[in-house]
file start.cif (mmCIF, C-alpha atoms and all ligand atoms)
data_coords
#
loop_
_atom_site.group_PDB
_atom_site.id
_atom_site.type_symbol
_atom_site.label_atom_id
_atom_site.label_comp_id
_atom_site.auth_asym_id
_atom_site.auth_seq_id
_atom_site.Cartn_x
_atom_site.Cartn_y
_atom_site.Cartn_z
ATOM 1 C CA MET A 5 90.880 -9.741 -32.063
ATOM 2 C CA TYR A 6 88.641 -9.124 -35.025
ATOM 3 C CA LYS A 7 90.038 -10.115 -38.383
ATOM 4 C CA SER A 8 88.221 -7.462 -40.365
ATOM 5 C CA LEU A 9 85.835 -4.561 -40.077
ATOM 6 C CA GLU A 10 83.233 -6.580 -41.969
ATOM 7 C CA LYS A 11 83.371 -9.334 -39.386
ATOM 8 C CA LEU A 12 83.157 -6.808 -36.557
ATOM 9 C CA ILE A 13 80.085 -5.200 -38.140
ATOM 10 C CA ARG A 14 78.418 -8.590 -38.420
ATOM 11 C CA GLU A 15 79.238 -9.586 -34.862
ATOM 12 C CA ILE A 16 77.760 -6.455 -33.314
ATOM 13 C CA LYS A 17 74.840 -6.839 -35.749
ATOM 14 C CA MET A 18 75.049 -3.443 -37.381
ATOM 15 C CA VAL A 19 73.344 -3.260 -40.724
ATOM 16 C CA GLN A 20 75.648 -2.507 -43.594
ATOM 17 C CA CYS A 21 74.152 -0.250 -46.281
ATOM 18 C CA VAL A 22 75.617 -0.466 -49.775
ATOM 19 C CA HIS A 23 74.638 1.365 -52.921
ATOM 20 C CA SER A 24 76.599 -0.257 -55.721
ATOM 21 C CA VAL A 25 76.332 -3.673 -57.372
ATOM 22 C CA LYS A 26 80.123 -4.038 -57.307
ATOM 23 C CA GLU A 27 80.384 -3.384 -53.564
ATOM 24 C CA LEU A 28 77.526 -5.767 -52.766
ATOM 25 C CA ARG A 29 79.106 -8.534 -54.834
ATOM 26 C CA GLU A 30 82.454 -7.984 -53.123
ATOM 27 C CA ILE A 31 80.797 -8.468 -49.737
ATOM 28 C CA ILE A 32 78.698 -11.495 -50.699
ATOM 29 C CA LYS A 33 81.257 -13.469 -52.729
ATOM 30 C CA PRO A 34 83.557 -14.448 -49.820
ATOM 31 C CA LEU A 35 80.561 -15.272 -47.611
ATOM 32 C CA LYS A 36 79.238 -17.675 -50.224
ATOM 33 C CA ALA A 37 82.700 -19.130 -50.676
ATOM 34 C CA GLN A 38 82.574 -19.995 -46.965
ATOM 35 C CA GLY A 39 79.352 -21.890 -47.674
ATOM 36 C CA LYS A 40 77.020 -19.375 -46.033
ATOM 37 C CA THR A 41 73.393 -19.311 -47.132
ATOM 38 C CA VAL A 42 71.983 -15.996 -48.318
ATOM 39 C CA GLY A 43 68.357 -14.842 -48.017
ATOM 40 C CA LEU A 44 67.150 -11.980 -50.220
ATOM 41 C CA VAL A 45 64.168 -9.779 -49.325
ATOM 42 C CA PRO A 46 63.320 -7.418 -52.204
ATOM 43 C CA THR A 47 61.395 -4.294 -51.089
ATOM 44 C CA MET A 48 60.613 -0.758 -52.168
ATOM 45 C CA GLY A 49 61.380 0.593 -48.688
ATOM 46 C CA ALA A 50 59.066 2.522 -46.343
ATOM 47 C CA LEU A 51 59.449 -0.632 -44.306
ATOM 48 C CA HIS A 52 56.785 -1.742 -41.819
ATOM 49 C CA GLN A 53 56.020 -4.856 -39.793
ATOM 50 C CA GLY A 54 54.913 -6.714 -42.927
ATOM 51 C CA HIS A 55 58.398 -6.317 -44.402
ATOM 52 C CA ALA A 56 59.897 -7.095 -40.978
ATOM 53 C CA SER A 57 58.136 -10.469 -40.973
ATOM 54 C CA LEU A 58 59.845 -11.345 -44.285
ATOM 55 C CA ILE A 59 63.230 -10.185 -42.969
ATOM 56 C CA SER A 60 62.965 -12.097 -39.678
ATOM 57 C CA THR A 61 61.865 -15.257 -41.534
ATOM 58 C CA SER A 62 64.907 -14.950 -43.787
ATOM 59 C CA ALA A 63 67.181 -14.273 -40.802
ATOM 60 C CA LYS A 64 65.941 -17.485 -39.177
ATOM 61 C CA GLU A 65 66.481 -19.576 -42.310
ATOM 62 C CA ASN A 66 69.764 -18.159 -43.640
ATOM 63 C CA ASP A 67 73.221 -17.133 -42.435
ATOM 64 C CA ILE A 68 73.036 -13.736 -44.154
ATOM 65 C CA THR A 69 69.991 -11.658 -45.054
ATOM 66 C CA VAL A 70 70.165 -9.014 -47.779
ATOM 67 C CA VAL A 71 67.272 -6.535 -47.984
ATOM 68 C CA SER A 72 67.014 -4.486 -51.146
ATOM 69 C CA VAL A 73 65.390 -1.071 -50.865
ATOM 70 C CA PHE A 74 64.633 0.236 -54.340
ATOM 71 C CA VAL A 75 61.610 2.116 -55.619
ATOM 72 C CA ASN A 76 61.634 0.466 -59.010
ATOM 73 C CA PRO A 77 60.601 2.975 -61.700
ATOM 74 C CA THR A 78 59.807 0.345 -64.341
ATOM 75 C CA GLN A 79 56.903 -1.153 -62.393
ATOM 76 C CA PHE A 80 55.016 2.151 -62.138
ATOM 77 C CA GLY A 81 52.676 3.330 -64.894
ATOM 78 C CA PRO A 82 52.866 6.956 -66.098
ATOM 79 C CA SER A 83 49.955 8.107 -63.918
ATOM 80 C CA GLU A 84 50.980 6.136 -60.824
ATOM 81 C CA ASP A 85 52.666 7.246 -57.585
ATOM 82 C CA PHE A 86 56.383 6.770 -58.390
ATOM 83 C CA ASP A 87 57.339 10.337 -57.364
ATOM 84 C CA ALA A 88 55.080 10.360 -54.290
ATOM 85 C CA TYR A 89 56.130 6.899 -53.070
ATOM 86 C CA PRO A 90 57.578 7.262 -49.524
ATOM 87 C CA ARG A 91 61.384 7.078 -49.304
ATOM 88 C CA THR A 92 62.570 6.571 -45.718
ATOM 89 C CA LEU A 93 66.009 4.927 -45.851
ATOM 90 C CA ASP A 94 67.134 5.953 -42.342
ATOM 91 C CA SER A 95 64.149 4.397 -40.594
ATOM 92 C CA ASP A 96 64.299 1.427 -43.008
ATOM 93 C CA LEU A 97 67.805 0.621 -41.726
ATOM 94 C CA LYS A 98 66.425 0.443 -38.180
ATOM 95 C CA VAL A 99 63.604 -1.897 -39.237
ATOM 96 C CA VAL A 100 66.110 -4.181 -40.981
ATOM 97 C CA GLU A 101 68.405 -4.168 -37.955
ATOM 98 C CA ASN A 102 65.586 -4.934 -35.499
ATOM 99 C CA ALA A 103 64.283 -7.748 -37.698
ATOM 100 C CA GLY A 104 67.718 -9.393 -37.908
ATOM 101 C CA GLY A 105 68.782 -8.384 -41.438
ATOM 102 C CA ASP A 106 72.478 -7.903 -42.229
ATOM 103 C CA ILE A 107 72.885 -5.936 -45.438
ATOM 104 C CA VAL A 108 70.728 -3.281 -47.103
ATOM 105 C CA PHE A 109 71.213 -2.796 -50.824
ATOM 106 C CA ALA A 110 69.870 0.628 -51.779
ATOM 107 C CA PRO A 111 70.910 1.338 -55.374
ATOM 108 C CA SER A 112 70.036 4.395 -57.473
ATOM 109 C CA PRO A 113 67.842 3.968 -60.566
ATOM 110 C CA LYS A 114 70.988 4.579 -62.691
ATOM 111 C CA GLU A 115 72.798 1.744 -60.886
ATOM 112 C CA MET A 116 69.977 -0.712 -61.657
ATOM 113 C CA TYR A 117 69.214 0.643 -65.147
ATOM 114 C CA PRO A 118 72.576 1.898 -66.472
ATOM 115 C CA SER A 119 71.391 2.184 -70.059
ATOM 116 C CA GLU A 120 68.302 3.664 -71.663
ATOM 117 C CA ASP A 121 68.186 0.538 -73.823
ATOM 118 C CA MET A 122 66.535 -2.129 -71.770
ATOM 119 C CA THR A 123 66.607 -5.877 -71.387
ATOM 120 C CA TRP A 124 63.168 -6.935 -70.172
ATOM 121 C CA VAL A 125 62.017 -10.064 -68.415
ATOM 122 C CA GLU A 126 58.339 -10.615 -69.080
ATOM 123 C CA VAL A 127 56.028 -13.396 -67.953
ATOM 124 C CA THR A 128 53.221 -13.613 -70.484
ATOM 125 C CA GLY A 129 49.716 -15.073 -70.473
ATOM 126 C CA ASN A 130 46.705 -14.948 -68.184
ATOM 127 C CA ILE A 131 48.878 -14.773 -65.095
ATOM 128 C CA THR A 132 49.930 -11.169 -65.855
ATOM 129 C CA LYS A 133 46.744 -10.098 -67.658
ATOM 130 C CA VAL A 134 44.134 -10.670 -64.952
ATOM 131 C CA LEU A 135 43.639 -8.904 -61.583
ATOM 132 C CA CYS A 136 46.151 -6.015 -61.287
ATOM 133 C CA GLY A 137 47.495 -6.729 -64.792
ATOM 134 C CA LYS A 138 44.273 -5.319 -66.287
ATOM 135 C CA THR A 139 44.853 -1.771 -65.033
ATOM 136 C CA ARG A 140 48.646 -1.987 -64.591
ATOM 137 C CA PRO A 141 49.756 -3.446 -67.959
ATOM 138 C CA ILE A 142 53.526 -2.839 -67.519
ATOM 139 C CA HIS A 143 53.690 -3.539 -63.784
ATOM 140 C CA PHE A 144 54.665 -7.208 -63.750
ATOM 141 C CA ARG A 145 57.222 -6.777 -66.532
ATOM 142 C CA GLY A 146 58.912 -4.176 -64.298
ATOM 143 C CA VAL A 147 58.711 -6.488 -61.282
ATOM 144 C CA ALA A 148 60.053 -9.533 -63.157
ATOM 145 C CA THR A 149 62.896 -7.467 -64.639
ATOM 146 C CA VAL A 150 64.053 -5.903 -61.373
ATOM 147 C CA VAL A 151 63.716 -9.142 -59.405
ATOM 148 C CA SER A 152 65.775 -10.978 -62.076
ATOM 149 C CA LYS A 153 68.463 -8.322 -61.743
ATOM 150 C CA LEU A 154 68.442 -8.699 -57.941
ATOM 151 C CA PHE A 155 68.641 -12.501 -58.234
ATOM 152 C CA ASN A 156 71.657 -12.180 -60.545
ATOM 153 C CA ILE A 157 73.372 -9.600 -58.327
ATOM 154 C CA VAL A 158 72.870 -11.439 -55.023
ATOM 155 C CA GLY A 159 72.581 -15.096 -56.082
ATOM 156 C CA PRO A 160 70.406 -15.875 -53.052
ATOM 157 C CA THR A 161 69.824 -19.318 -51.596
ATOM 158 C CA ARG A 162 66.257 -18.253 -50.795
ATOM 159 C CA ALA A 163 64.164 -15.207 -51.766
ATOM 160 C CA TYR A 164 61.240 -13.956 -49.682
ATOM 161 C CA PHE A 165 57.956 -12.459 -50.916
ATOM 162 C CA GLY A 166 54.696 -11.587 -49.184
ATOM 163 C CA GLN A 167 51.352 -13.276 -49.839
ATOM 164 C CA LYS A 168 49.993 -9.701 -49.661
ATOM 165 C CA ASP A 169 51.035 -9.389 -53.324
ATOM 166 C CA ALA A 170 49.571 -12.744 -54.332
ATOM 167 C CA GLN A 171 49.698 -12.147 -58.087
ATOM 168 C CA GLN A 172 53.345 -11.083 -57.842
ATOM 169 C CA VAL A 173 54.066 -14.375 -56.062
ATOM 170 C CA GLU A 174 52.418 -16.366 -58.868
ATOM 171 C CA VAL A 175 54.268 -14.401 -61.567
ATOM 172 C CA LEU A 176 57.641 -14.785 -59.841
ATOM 173 C CA LYS A 177 57.130 -18.503 -59.195
ATOM 174 C CA ARG A 178 56.545 -18.931 -62.931
ATOM 175 C CA MET A 179 59.588 -16.809 -63.759
ATOM 176 C CA VAL A 180 61.852 -18.805 -61.403
ATOM 177 C CA LYS A 181 60.636 -22.035 -62.974
ATOM 178 C CA ASP A 182 60.862 -20.889 -66.591
ATOM 179 C CA LEU A 183 64.287 -19.244 -66.253
ATOM 180 C CA PHE A 184 65.721 -22.014 -64.034
ATOM 181 C CA PHE A 185 66.765 -19.621 -61.277
ATOM 182 C CA ASP A 186 68.615 -21.776 -58.763
ATOM 183 C CA LEU A 187 66.923 -20.611 -55.558
ATOM 184 C CA GLU A 188 63.992 -21.347 -53.295
ATOM 185 C CA LEU A 189 61.113 -18.868 -53.439
ATOM 186 C CA ARG A 190 59.535 -18.531 -49.999
ATOM 187 C CA VAL A 191 56.119 -16.963 -49.376
ATOM 188 C CA VAL A 192 55.315 -15.261 -46.067
ATOM 189 C CA PRO A 193 51.698 -14.795 -44.852
ATOM 190 C CA ILE A 194 49.977 -11.391 -44.889
ATOM 191 C CA ASN A 195 50.850 -9.308 -41.849
ATOM 192 C CA ARG A 196 47.846 -7.276 -40.662
ATOM 193 C CA GLU A 197 47.140 -4.455 -38.240
ATOM 194 C CA ASP A 198 44.930 -5.320 -35.237
ATOM 195 C CA SER A 199 41.963 -3.978 -37.219
ATOM 196 C CA GLY A 200 42.611 -6.585 -39.946
ATOM 197 C CA LEU A 201 43.901 -4.041 -42.469
ATOM 198 C CA ALA A 202 46.800 -5.543 -44.420
ATOM 199 C CA ARG A 203 49.955 -3.539 -43.730
ATOM 200 C CA SER A 204 51.171 -1.594 -46.745
ATOM 201 C CA SER A 205 53.556 1.292 -47.401
ATOM 202 C CA ARG A 206 50.628 2.942 -49.201
ATOM 203 C CA ASN A 207 48.509 2.948 -45.999
ATOM 204 C CA THR A 208 50.371 6.166 -45.110
ATOM 205 C CA TYR A 209 48.406 7.892 -47.910
ATOM 206 C CA LEU A 210 45.092 7.187 -46.123
ATOM 207 C CA ASN A 211 43.492 9.783 -43.848
ATOM 208 C CA ALA A 212 41.953 8.556 -40.570
ATOM 209 C CA GLU A 213 38.480 8.209 -42.074
ATOM 210 C CA GLU A 214 39.707 6.262 -45.103
ATOM 211 C CA LYS A 215 41.862 4.019 -42.928
ATOM 212 C CA ALA A 216 38.881 3.145 -40.736
ATOM 213 C CA ALA A 217 36.776 2.482 -43.842
ATOM 214 C CA ALA A 218 39.454 0.231 -45.399
ATOM 215 C CA VAL A 219 38.962 -2.331 -42.635
ATOM 216 C CA VAL A 220 35.984 -3.490 -44.706
ATOM 217 C CA LEU A 221 38.388 -5.271 -47.097
ATOM 218 C CA SER A 222 39.699 -7.870 -44.665
ATOM 219 C CA LYS A 223 36.242 -8.155 -43.097
ATOM 220 C CA SER A 224 34.639 -8.996 -46.434
ATOM 221 C CA LEU A 225 37.322 -11.585 -47.267
ATOM 222 C CA LYS A 226 36.900 -13.198 -43.860
ATOM 223 C CA GLU A 227 33.141 -13.458 -44.444
ATOM 224 C CA ALA A 228 33.763 -15.106 -47.818
ATOM 225 C CA LEU A 229 36.115 -17.634 -46.235
ATOM 226 C CA LYS A 230 33.500 -18.364 -43.586
ATOM 227 C CA ALA A 231 30.837 -18.937 -46.257
ATOM 228 C CA PHE A 232 33.262 -21.104 -48.269
ATOM 229 C CA LYS A 233 34.056 -23.225 -45.224
ATOM 230 C CA ALA A 234 30.329 -23.529 -44.538
ATOM 231 C CA GLY A 235 29.920 -25.101 -47.992
ATOM 232 C CA ASN A 236 29.390 -22.215 -50.429
ATOM 233 C CA LYS A 237 31.667 -23.056 -53.388
ATOM 234 C CA ASP A 238 29.958 -20.893 -56.017
ATOM 235 C CA VAL A 239 32.520 -18.487 -57.515
ATOM 236 C CA GLU A 240 30.036 -15.767 -58.481
ATOM 237 C CA ALA A 241 28.214 -15.973 -55.140
ATOM 238 C CA LEU A 242 31.462 -15.643 -53.180
ATOM 239 C CA LYS A 243 32.558 -12.648 -55.286
ATOM 240 C CA ALA A 244 29.111 -11.063 -54.832
ATOM 241 C CA LEU A 245 29.259 -11.594 -51.078
ATOM 242 C CA VAL A 246 32.561 -9.652 -50.899
ATOM 243 C CA THR A 247 31.377 -6.945 -53.309
ATOM 244 C CA ASP A 248 28.134 -6.355 -51.392
ATOM 245 C CA ILE A 249 29.922 -5.925 -48.069
ATOM 246 C CA ILE A 250 32.479 -3.488 -49.541
ATOM 247 C CA LYS A 251 29.814 -1.476 -51.391
ATOM 248 C CA LYS A 252 28.109 -0.731 -48.074
ATOM 249 C CA GLU A 253 31.165 1.361 -47.197
ATOM 250 C CA PRO A 254 30.552 4.725 -48.923
ATOM 251 C CA LEU A 255 34.258 5.681 -49.194
ATOM 252 C CA SER A 256 35.103 2.546 -51.179
ATOM 253 C CA ASP A 257 35.476 2.389 -54.946
ATOM 254 C CA ILE A 258 35.924 -1.183 -56.202
ATOM 255 C CA GLU A 259 38.371 -1.875 -59.053
ATOM 256 C CA TYR A 260 37.972 -5.655 -58.946
ATOM 257 C CA VAL A 261 36.873 -8.577 -56.817
ATOM 258 C CA GLU A 262 38.027 -11.741 -58.590
ATOM 259 C CA CYS A 263 38.678 -15.404 -57.976
ATOM 260 C CA TYR A 264 41.234 -17.559 -59.851
ATOM 261 C CA GLY A 265 42.652 -21.037 -59.423
ATOM 262 C CA LEU A 266 46.054 -21.733 -57.878
ATOM 263 C CA PRO A 267 48.737 -22.210 -58.920
ATOM 264 C CA GLY A 268 48.975 -19.957 -61.949
ATOM 265 C CA LEU A 269 45.702 -17.994 -61.714
ATOM 266 C CA TYR A 270 43.699 -20.204 -64.078
ATOM 267 C CA GLU A 271 40.055 -19.495 -64.919
ATOM 268 C CA LEU A 272 37.575 -21.298 -62.704
ATOM 269 C CA ASP A 273 34.362 -22.944 -63.776
ATOM 270 C CA LYS A 274 31.311 -22.336 -61.637
ATOM 271 C CA GLU A 275 32.779 -23.802 -58.467
ATOM 272 C CA VAL A 276 35.872 -23.515 -56.303
ATOM 273 C CA LYS A 277 37.107 -27.105 -56.247
ATOM 274 C CA ALA A 278 40.825 -26.668 -55.571
ATOM 275 C CA PRO A 279 42.881 -23.948 -53.820
ATOM 276 C CA SER A 280 41.832 -20.595 -55.268
ATOM 277 C CA LEU A 281 42.769 -16.981 -54.779
ATOM 278 C CA LEU A 282 40.020 -14.520 -53.880
ATOM 279 C CA ALA A 283 41.598 -11.126 -54.504
ATOM 280 C CA LEU A 284 40.484 -7.512 -54.604
ATOM 281 C CA ALA A 285 41.667 -4.000 -55.420
ATOM 282 C CA VAL A 286 39.678 -1.110 -53.981
ATOM 283 C CA ARG A 287 40.287 2.637 -53.853
ATOM 284 C CA PHE A 288 39.718 4.792 -50.802
ATOM 285 C CA GLY A 289 40.090 8.378 -51.977
ATOM 286 C CA LYS A 290 43.214 8.386 -54.158
ATOM 287 C CA THR A 291 44.710 5.315 -52.506
ATOM 288 C CA ARG A 292 44.466 1.936 -54.194
ATOM 289 C CA LEU A 293 44.639 -1.000 -51.773
ATOM 290 C CA ILE A 294 44.876 -4.725 -52.491
ATOM 291 C CA ASP A 295 44.096 -7.710 -50.297
ATOM 292 C CA ASN A 296 43.379 -11.403 -50.779
ATOM 293 C CA ILE A 297 42.603 -14.694 -49.160
ATOM 294 C CA ILE A 298 43.186 -18.284 -50.261
ATOM 295 C CA LEU A 299 40.117 -20.511 -50.392
ATOM 296 C CA GLU A 300 41.097 -24.088 -49.742
HETATM 297 P P1 LIG A 401 56.905 -3.637 -51.298
HETATM 298 O O1 LIG A 401 57.928 -2.843 -50.556
HETATM 299 O O2 LIG A 401 55.514 -3.145 -51.114
HETATM 300 O O3 LIG A 401 57.295 -3.877 -52.734
HETATM 301 O O4 LIG A 401 56.907 -5.072 -50.620
HETATM 302 C C1 LIG A 401 58.086 -5.824 -50.505
HETATM 303 C C2 LIG A 401 57.720 -7.220 -50.101
HETATM 304 O O5 LIG A 401 57.064 -7.187 -48.842
HETATM 305 C C3 LIG A 401 56.748 -7.895 -51.075
HETATM 306 O O6 LIG A 401 57.124 -9.245 -51.233
HETATM 307 C C4 LIG A 401 55.430 -7.750 -50.381
HETATM 308 O O7 LIG A 401 54.507 -8.752 -50.737
HETATM 309 C C5 LIG A 401 55.838 -7.883 -48.924
HETATM 310 N N1 LIG A 401 54.834 -7.274 -48.061
HETATM 311 C C6 LIG A 401 54.363 -6.016 -48.090
HETATM 312 N N2 LIG A 401 53.384 -5.835 -47.183
HETATM 313 C C7 LIG A 401 53.232 -7.029 -46.558
HETATM 314 C C8 LIG A 401 52.367 -7.512 -45.537
HETATM 315 N N3 LIG A 401 51.452 -6.735 -44.976
HETATM 316 N N4 LIG A 401 52.491 -8.788 -45.156
HETATM 317 C C9 LIG A 401 53.409 -9.618 -45.733
HETATM 318 N N5 LIG A 401 54.243 -9.220 -46.714
HETATM 319 C C10 LIG A 401 54.156 -7.953 -47.123
#
call {"tool": "encode", "arguments": {"input": "start.cif", "output": "structure tokens"}}
result
Amino acid sequence: MYKSLEKLIREIKMVQCVHSVKELREIIKPLKAQGKTVGLVPTMGALHQGHASLISTSAKENDITVVSVFVNPTQFGPSEDFDAYPRTLDSDLKVVENAGGDIVFAPSPKEMYPSEDMTWVEVTGNITKVLCGKTRPIHFRGVATVVSKLFNIVGPTRAYFGQKDAQQVEVLKRMVKDLFFDLELRVVPINREDSGLARSSRNTYLNAEEKAAAVVLSKSLKEALKAFKAGNKDVEALKALVTDIIKKEPLSDIEYVECYGLPGLYELDKEVKAPSLLALAVRFGKTRLIDNIILE
């Protein structure tokens, strides 16, 4: 006999979808009291295999996996794609279930931001000013704020983020350290299509021609890694190598190709001497894509 509906749901591995902070806490509290570990995978939904790789990693490493699905308004600039961003909760639930997740937390904006007056969490310095921070000045403040809220709501043992958003990883590592969040931040490698294109919810904006053209991003990064491994350590030369390959693709419009030191995205001198992030943002039509590789 099953003791409770909750237990039954968990045993037949149905994903539970909750919308309120109170309900989520009521579910998680007794599980933690039993000593269960909790993995948190924050997402904006429109889930694909990249997200699934985070969820299945968490499911392997924790007793319970919570996946948040929330298109966070505070990380979008006024001219960005907040309204157009794909919202596909029904198919997201299936992805979570197939990847071994247990609970989906899908709050409304009002649930996450109950008051117009805001408490912000902001990581300052070079780490949020370079790369995407240049053209998206409020983005990382929105990310740090919503992720802090999720950490406080769920109290995860481990939280999972993708290397796809390498700058986000650096910012959140700093935030966890500075605010003494008691959790382990885990980073999952970039999940790519067979073509090499990094999976992204925004890939659905690309038409067939743009999608084919966007393969140039991973190709150029791979070439740079090859050159680096062959002995080319010159920062400007490696950036130029990537830029030249991408520029040959007529549909591409480069926002940046940059290289910074890890951890923390520090400025490099002439040469890559320690692990460094080679990162890019490039538009194809109206769609802005990011990708990166670690040189080490
Ligand atoms: P998003 O829904 O785009 O905010 O992404 C949620 C999480 O999934 C972030 O930690 C992303 O870095 C991660 N993610 C998105 N795409 C990929 C991918 N292709 N490979 C690995 N992680 C990814």
call {"tool": "residues_near_ligand", "arguments": {"input": "start.cif", "ligand": "ligand LIG 401 (chain A)", "cutoff": "10 Å", "atoms": "all atoms listed in the file", "output": "PyMOL selection string"}}
result
chain A and resi 45-59+71-76+147+163-173+190-197+201-206+295
call {"tool": "closest_atom_pairs", "arguments": {"input": "start.cif", "of": "range 161-224 of chain A", "to": "range 244-252 of chain A", "cutoff": "10 Å", "atoms": "only C-alpha atoms", "output": "JSON lines"}}
result
{"residue": "A:Ala217", "atom": "CA", "partner": "A:Ile250", "partner_atom": "CA", "distance": 9.3}
{"residue": "A:Ala218", "atom": "CA", "partner": "A:Ile250", "partner_atom": "CA", "distance": 8.9}
{"residue": "A:Val219", "atom": "CA", "partner": "A:Ile250", "partner_atom": "CA", "distance": 9.5}
{"residue": "A:Val220", "atom": "CA", "partner": "A:Ile250", "partner_atom": "CA", "distance": 6.0}
{"residue": "A:Leu221", "atom": "CA", "partner": "A:Ile250", "partner_atom": "CA", "distance": 6.6}
{"residue": "A:Ser222", "atom": "CA", "partner": "A:Val246", "partner_atom": "CA", "distance": 9.6}
{"residue": "A:Lys223", "atom": "CA", "partner": "A:Ile249", "partner_atom": "CA", "distance": 8.3}
{"residue": "A:Ser224", "atom": "CA", "partner": "A:Val246", "partner_atom": "CA", "distance": 5.0}
call {"tool": "residues_around", "arguments": {"input": "start.cif", "residues": "Gly81 in chain A", "least_positions_apart": "6", "cutoff": "12 Å", "atoms": "all atoms listed in the file", "output": "list in words"}}
result
Asp87, Cys136, Gly137, Thr139, Arg140, Pro141, Ile142, His143, Phe144, Arg145 and Gly146 of chain A
call {"tool": "atom_distance", "arguments": {"input": "start.cif", "atom1": "CA of Leu35 in chain A", "atom2": "CA of Asn102 in chain A"}}
result
21.9 Å
call {"tool": "axis_aligned_box", "arguments": {"input": "start.cif", "around": "range 189-195 of chain A", "padding_each_side": "4 Å", "output": "JSON"}}
result
{"center_x": 55.5, "center_y": -14.1, "center_z": -47.6, "size_x": 19.1, "size_y": 17.6, "size_z": 19.6}
call {"tool": "residues_around", "arguments": {"input": "start.cif", "residues": "Leu154 in chain A", "least_positions_apart": "5", "cutoff": "9 Å", "atoms": "all atoms listed in the file", "output": "PDB file with C-alpha atoms, in the coordinates of the input"}}
result
ATOM      1  CA  LEU A  44      67.150 -11.980 -50.220  1.00  0.00           C
ATOM      2  CA  PRO A  46      63.320  -7.418 -52.204  1.00  0.00           C
ATOM      3  CA  SER A  72      67.014  -4.486 -51.146  1.00  0.00           C
ATOM      4  CA  MET A 116      69.977  -0.712 -61.657  1.00  0.00           C
ATOM      5  CA  THR A 149      62.896  -7.467 -64.639  1.00  0.00           C
ATOM      6  CA  GLY A 159      72.581 -15.096 -56.082  1.00  0.00           C
ATOM      7  CA  PRO A 160      70.406 -15.875 -53.052  1.00  0.00           C
TER       8      PRO A 160
END
call {"tool": "closest_residue", "arguments": {"input": "start.cif", "among": "A:Leu284, A:Val180, A:Leu269, A:Val108", "to": "Val158 in chain A", "atoms": "all atoms listed in the file"}}
result
A:Val108
call {"tool": "closest_residue", "arguments": {"input": "start.cif", "among": "A:Val134, A:Leu255, A:Val100, A:Val261", "to": "Glu240 in chain A", "atoms": "all atoms listed in the file"}}
result
A:Val261
call {"tool": "closest_residue", "arguments": {"input": "start.cif", "among": "A:Pro279, A:Leu28, A:Asp257, A:Tyr209", "to": "Asp85 in chain A", "atoms": "all atoms listed in the file"}}
result
A:Tyr209
call {"tool": "resolve_selection", "arguments": {"input": "start.cif", "expression": "the PyMOL selection byres (((chain A and resi 112) around 9) and not hetatm)", "output": "PyMOL selection string"}}
result
chain A and resi 23-24+74-75+110-111+113-117
call {"tool": "closest_residue", "arguments": {"input": "start.cif", "among": "A:Glu259, A:Gln79, A:Leu293, A:Glu300", "to": "Ala231 in chain A", "atoms": "all atoms listed in the file"}}
result
A:Glu300
call {"tool": "atom_distance", "arguments": {"input": "start.cif", "atom1": "CA of Arg287 in chain A", "atom2": "CA of Thr128 in chain A"}}
result
26.6 Å
call {"tool": "closest_residue", "arguments": {"input": "start.cif", "among": "A:Lys133, A:Lys33, A:Arg162, A:Lys243", "to": "Leu189 in chain A", "atoms": "all atoms listed in the file"}}
result
A:Arg162
call {"tool": "atom_distance", "arguments": {"input": "start.cif", "atom1": "CA of Gly43 in chain A", "atom2": "CA of Ala63 in chain A"}}
result
7.3 Å
call {"tool": "residues_around", "arguments": {"input": "start.cif", "residues": "Met179 in chain A", "least_positions_apart": "5", "cutoff": "10 Å", "atoms": "only C-alpha atoms", "output": "list in words"}}
result
Val125, Glu126, Val127, Thr128, Ala148, Thr149, Val151, Ser152, Val173, Glu174, Phe184 and Phe185 of chain A
call {"tool": "closest_residue", "arguments": {"input": "start.cif", "among": "A:Gly289, A:Glu271, A:Val19, A:Gly200", "to": "Ser95 in chain A", "atoms": "all atoms listed in the file"}}
result
A:Val19
call {"tool": "residues_near_point", "arguments": {"input": "start.cif", "point": "(36.2, -29.0, -56.9)", "cutoff": "12 Å", "atoms": "all atoms listed in the file", "output": "list in words"}}
result
Gly235, Asn236, Lys237, Asp238, Val239, Gly265, Leu272, Asp273, Lys274, Glu275, Val276, Lys277, Ala278, Pro279, Ser280, Leu299 and Glu300 of chain A
call {"tool": "decode", "arguments": {"input": "start.cif", "residues": "range 95-114 of chain A", "atoms": "C-alpha atoms", "output": "compact mmCIF listing (two decimals), in the first residue's frame"}}
result
# COMPACT_ATOMS: atom_id res chain seq x y z
CA SER A 95 6.38 19.33 -23.94
CA ASP A 96 8.82 20.54 -21.25
CA LEU A 97 7.15 18.19 -18.74
CA LYS A 98 7.82 15.27 -21.09
CA VAL A 99 11.49 16.23 -21.48
CA VAL A 100 11.87 16.43 -17.69
CA GLU A 101 10.16 13.08 -17.23
CA ASN A 102 12.28 11.34 -19.88
CA ALA A 103 15.48 12.79 -18.43
CA GLY A 104 14.65 11.55 -14.93
CA GLY A 105 13.53 14.81 -13.26
CA ASP A 106 10.93 14.70 -10.48
CA ILE A 107 9.44 18.14 -9.95
CA VAL A 108 8.87 21.07 -12.30
CA PHE A 109 8.53 24.49 -10.71
CA ALA A 110 6.79 26.80 -13.17
CA PRO A 111 5.92 30.03 -11.33
CA SER A 112 4.27 33.14 -12.79
CA PRO A 113 6.25 36.40 -12.93
CA LYS A 114 4.02 37.70 -10.08
